[in-house]
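Take a look at the structure set out below.
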Amino acid sequence: MNSELIERLKTIDFRLKESKAWFRLLENYCRSLNHDIFLINMSLEDECSTICRIQTDSWLCEIENQQTLNLKFEAIVSKLISISTEDCFNEKLNHHFTHISELDASIQDGYLSGMANRPVDGLMPCIIGESIEDNICKLEVRGLHTLSCWEEWTMRIAEHIILVNKLVSLFPASHPFSSIPCSISILLNQVNKLVVEQSKLEKTLKILTNSRANSHDAIFGLDVLIIQEKLCPIPIVGGEQ
Amino acid sequence: MLDYQTAKSQLLQQKQMHLDVCYFLEEIDSDFHENAANTLANRIEKLVIEPINVALKIIDVIEMIGEDQIPSIVSVRWNQQILEALSKGGFEIEF
């Protein structure tokens, strides 16, 4: 009985550690996304990217909350394993099993197949696949490079949309993460439209002011002025306020 | 969306037609009609041929940039200028 309990607790401990790594991965991604959205927001000063920043911050808060609970449960499980191994189990420790039993139920419920129907706090309700891990790492590495034009920003946002859409499908509706990636995806699509428009303005201005197209200057003088007024500065990497 | 290729060919046809009219008017040497003919030729050049030239240059730039890469803020203005040139030239196009 005791050895079976220890095995069960060890499984929970393993899954909690696994979830901790995934929460850290999501946290890093959220910080990377937040940084990009911050830069775009500083440049465009629009409502969509402002709300997107708020949503990303909310997700970060939820992740940190889950990480705190994960650490708490990990400590409890670790202590329970030590106590059970030493055969010092006391009935006074029973109340710790309330949450631990929920974790155990979720794990037994199909957590391993990525189909947790009873998501619990502190445990990632899904398996973050290697492809998603790779995508997050690549995005973080690319985030270190300074983007020199709006066209490059459109590609960066498109990559974020693809990744967030993959994450949307991972979380069950009853999990605290379920609606946030959904909202971020919708907002990112709106931000993408604005960034694409900036890219178009940038490209058009470049062609209209190209020395080879000087013959167009007189005709397109007003258009150049309108574009210059609407074209926002390219987001520059800097410290977040 | 405006069909720029159709618009371009119609504008070129219109331009040629109005240039022919202008040449015809400029060749009138009757003392009684010369001034009126010259004035009319100038009016055609200013009011019809010049907007057509602008519209053709706009279409050139649109082709250079790519139809789906035109910013919405200038796209509306440019489409309006092309349609006005077509309208002044005497043709209506469907879009």
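Convention: chains lettered A, B, ... in structure tokens order; per-chain residue numbering from 1; ligands numbered from 1 as shown.
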**Study point:** Residues near Val74 of chain B, cut-off 8 Å, only C-alpha atoms, skip fewer than 3 positions along chain, as a list in words
**Key:**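 Once the nearby chain positions are removed, what remains is Asp223 and Ile227 of chain A; Ile70, Pro71, Arg77 and Trp78 of chain B.
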Point to revise | Nearby residues (only C-alpha atoms) at most 12 Å from Leu47 of chain B, same-chain spacing under 6 positions excluded, as an NGL selection string | key: :B and (15 or 18 or 39-41 or 53-54 or 84-90)
Practice item. Please measure the separation of atom CA of Glu50 of chain B and atom CA of Met64 of chain B, giving the value in Å to one decimal. Key: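 Straight-line distance from atom CA of Glu50 of chain B to atom CA of Met64 of chain B works out to 21.2 Å.
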Point to revise | Residues of segment 19-233 of chain A in alpha helix (DSSP H), written as a VMD selection string | key: chain A and resid 19 to 44 47 to 85 97 to 108 130 to 142 150 to 168 179 to 208 217 to 230
Restricted to C-alpha atoms, what would the selected residues look like written as a compact mmCIF listing (two decimals), in the first residue's frame?
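This is the output file result09.txt:
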# COMPACT_ATOMS: atom_id res chain seq x y z
CA SER A 19 4.55 21.20 -15.96
CA LYS A 20 6.98 23.60 -14.27
CA ALA A 21 9.25 23.44 -17.32
CA TRP A 22 6.29 24.08 -19.63
CA PHE A 23 5.03 26.97 -17.49
CA ARG A 24 8.53 28.46 -17.71
CA LEU A 25 8.46 27.99 -21.50
CA LEU A 26 5.08 29.74 -21.76
CA GLU A 27 6.27 32.50 -19.43
CA ASN A 28 9.32 33.13 -21.62
CA TYR A 29 7.14 33.19 -24.71
CA CYS A 30 4.67 35.59 -23.08
CA ARG A 31 7.52 37.92 -22.14
CA SER A 32 8.82 37.79 -25.72
CA LEU A 33 5.34 38.48 -27.13
CA ASN A 34 4.77 41.24 -24.57
CA HIS A 35 8.05 42.88 -25.56
CA ASP A 36 7.15 42.85 -29.28
CA ILE A 37 3.65 44.17 -28.62
CA PHE A 38 5.10 46.84 -26.34
CA LEU A 39 7.38 48.06 -29.15
CA ILE A 40 4.53 48.08 -31.67
CA ASN A 41 2.26 49.85 -29.20
CA MET A 42 4.88 52.54 -28.59
CA SER A 43 5.12 53.10 -32.32
CA LEU A 44 1.48 52.81 -33.45
CA GLU A 47 -6.02 50.63 -29.06
CA CYS A 48 -5.60 47.09 -30.39
CA SER A 49 -1.98 46.72 -29.36
CA THR A 50 -2.78 48.39 -26.00
CA ILE A 51 -5.50 45.80 -25.29
CA CYS A 52 -3.22 43.05 -26.58
CA ARG A 53 -0.57 44.16 -24.06
CA ILE A 54 -3.19 44.04 -21.29
CA GLN A 55 -4.21 40.52 -22.32
CA THR A 56 -0.60 39.34 -22.50
CA ASP A 57 0.01 40.81 -19.04
CA SER A 58 -3.08 38.96 -17.77
CA TRP A 59 -1.73 35.72 -19.22
CA LEU A 60 1.62 36.33 -17.57
CA CYS A 61 -0.17 36.86 -14.23
CA GLU A 62 -2.12 33.61 -14.70
CA ILE A 63 1.09 31.75 -15.57
CA GLU A 64 2.84 33.14 -12.49
CA ASN A 65 -0.14 32.14 -10.36
CA GLN A 66 0.02 28.60 -11.79
CA GLN A 67 3.79 28.52 -11.20
CA THR A 68 3.29 29.50 -7.55
CA LEU A 69 0.72 26.72 -7.06
CA ASN A 70 2.96 24.29 -8.93
CA LEU A 71 5.85 25.05 -6.56
CA LYS A 72 3.56 24.75 -3.54
CA PHE A 73 2.26 21.32 -4.64
CA GLU A 74 5.72 20.18 -5.60
CA ALA A 75 6.95 21.00 -2.08
CA ILE A 76 3.96 19.20 -0.51
CA VAL A 77 4.41 16.12 -2.71
CA SER A 78 8.14 16.07 -2.03
CA LYS A 79 7.51 16.18 1.74
CA LEU A 80 4.81 13.52 1.50
CA ILE A 81 7.21 11.24 -0.41
CA SER A 82 9.87 11.72 2.30
CA ILE A 83 7.35 11.10 5.07
CA SER A 84 5.90 8.03 3.36
CA THR A 85 9.38 6.64 2.67
CA PHE A 97 -4.21 14.96 0.11
CA THR A 98 -7.27 17.00 -0.94
CA HIS A 99 -5.37 18.92 -3.61
CA ILE A 100 -2.96 16.10 -4.29
CA SER A 101 -5.88 13.77 -5.06
CA GLU A 102 -7.18 16.31 -7.60
CA LEU A 103 -3.76 16.34 -9.25
CA ASP A 104 -3.72 12.54 -9.23
CA ALA A 105 -7.23 12.38 -10.75
CA SER A 106 -6.25 14.77 -13.54
CA ILE A 107 -3.13 12.77 -14.31
CA GLN A 108 -5.07 9.49 -14.32
CA GLU A 130 8.36 19.55 -29.30
CA SER A 131 7.33 21.50 -32.40
CA ILE A 132 5.77 24.21 -30.21
CA GLU A 133 8.85 24.26 -27.97
CA ASP A 134 11.03 24.70 -31.08
CA ASN A 135 8.79 27.47 -32.41
CA ILE A 136 8.95 29.32 -29.09
CA CYS A 137 12.75 29.01 -28.95
CA LYS A 138 13.13 30.21 -32.54
CA LEU A 139 10.84 33.19 -31.87
CA GLU A 140 12.82 34.10 -28.77
CA VAL A 141 16.12 33.93 -30.69
CA ARG A 142 14.69 36.00 -33.54
CA TRP A 150 7.67 47.16 -41.16
CA GLU A 151 7.71 44.24 -43.60
CA GLU A 152 9.89 42.29 -41.15
CA TRP A 153 7.43 43.17 -38.38
CA THR A 154 4.55 41.73 -40.41
CA MET A 155 6.47 38.44 -40.60
CA ARG A 156 7.18 38.52 -36.84
CA ILE A 157 3.50 39.11 -36.02
CA ALA A 158 2.46 36.37 -38.45
CA GLU A 159 4.77 33.96 -36.59
CA HIS A 160 3.19 34.99 -33.27
CA ILE A 161 -0.31 34.42 -34.70
CA ILE A 162 0.59 30.92 -35.91
CA LEU A 163 2.08 30.03 -32.52
CA VAL A 164 -0.74 31.53 -30.43
CA ASN A 165 -3.30 29.72 -32.62
CA LYS A 166 -1.52 26.44 -31.85
CA LEU A 167 -1.63 27.26 -28.13
CA VAL A 168 -5.35 28.15 -28.30
CA SER A 179 -9.83 32.37 -23.15
CA ILE A 180 -6.66 34.47 -22.93
CA PRO A 181 -4.75 33.00 -25.92
CA CYS A 182 -8.04 33.21 -27.86
CA SER A 183 -8.33 36.95 -27.16
CA ILE A 184 -4.63 37.47 -27.92
CA SER A 185 -5.04 35.68 -31.25
CA ILE A 186 -7.96 37.93 -32.25
CA LEU A 187 -6.09 41.05 -31.13
CA LEU A 188 -2.88 39.98 -32.89
CA ASN A 189 -4.85 39.63 -36.12
CA GLN A 190 -6.08 43.21 -35.71
CA VAL A 191 -2.56 44.43 -34.90
CA ASN A 192 -1.32 42.53 -37.96
CA LYS A 193 -3.72 44.49 -40.18
CA LEU A 194 -2.26 47.77 -38.89
CA VAL A 195 1.31 46.53 -39.31
CA VAL A 196 0.57 45.33 -42.86
CA GLU A 197 -0.86 48.78 -43.65
CA GLN A 198 2.33 50.38 -42.30
CA SER A 199 4.37 48.02 -44.46
CA LYS A 200 2.32 49.07 -47.52
CA LEU A 201 2.83 52.75 -46.69
CA GLU A 202 6.57 52.16 -46.28
CA LYS A 203 6.85 50.33 -49.61
CA THR A 204 4.74 52.92 -51.49
CA LEU A 205 6.74 55.82 -50.06
CA LYS A 206 9.98 54.13 -51.07
CA ILE A 207 8.78 53.76 -54.67
CA LEU A 208 7.32 57.28 -54.90
CA ASP A 217 7.33 63.66 -57.87
CA ALA A 218 5.10 66.50 -59.02
CA ILE A 219 2.03 64.30 -59.40
CA PHE A 220 2.50 62.34 -56.18
CA GLY A 221 3.71 65.20 -53.96
CA LEU A 222 0.46 65.25 -51.98
CA ASP A 223 0.42 61.44 -51.69
CA VAL A 224 3.97 61.50 -50.33
CA LEU A 225 2.90 64.02 -47.68
CA ILE A 226 -0.17 61.94 -46.73
CA ILE A 227 1.93 58.76 -46.49
CA GLN A 228 4.65 60.49 -44.45
CA GLU A 229 1.98 61.69 -42.03
CA LYS A 230 0.44 58.22 -41.65
Exercise for review: Report the distance between atom CA of Leu19 of chain B and atom CA of Leu56 of chain B in Å, rounded to one decimal place.
Suggested key: 15.1 Å
Review point. Hey, which of B:Asp20, B:Glu34, B:Glu26, B:Glu63 ends up closest to chain A? Count only C-alpha atoms.
Key: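 Between B:Asp20, B:Glu34, B:Glu26, B:Glu63, the residue approaching chain A most closely is B:Glu63.
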Review point. When you draw a straight line from atom CA of Asp13 of chain A to atom CA of Pro119 of chain A, how long is it in Å?
Key: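 Going from atom CA of Asp13 of chain A over to atom CA of Pro119 of chain A, I get 16.3 Å.
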Check your understanding: Which residue out of B:Val76, B:Leu83, B:Ile44, B:Val21 has the minimum interatomic distance to chain A when only C-alpha atoms are used?
Key -> B:Val76
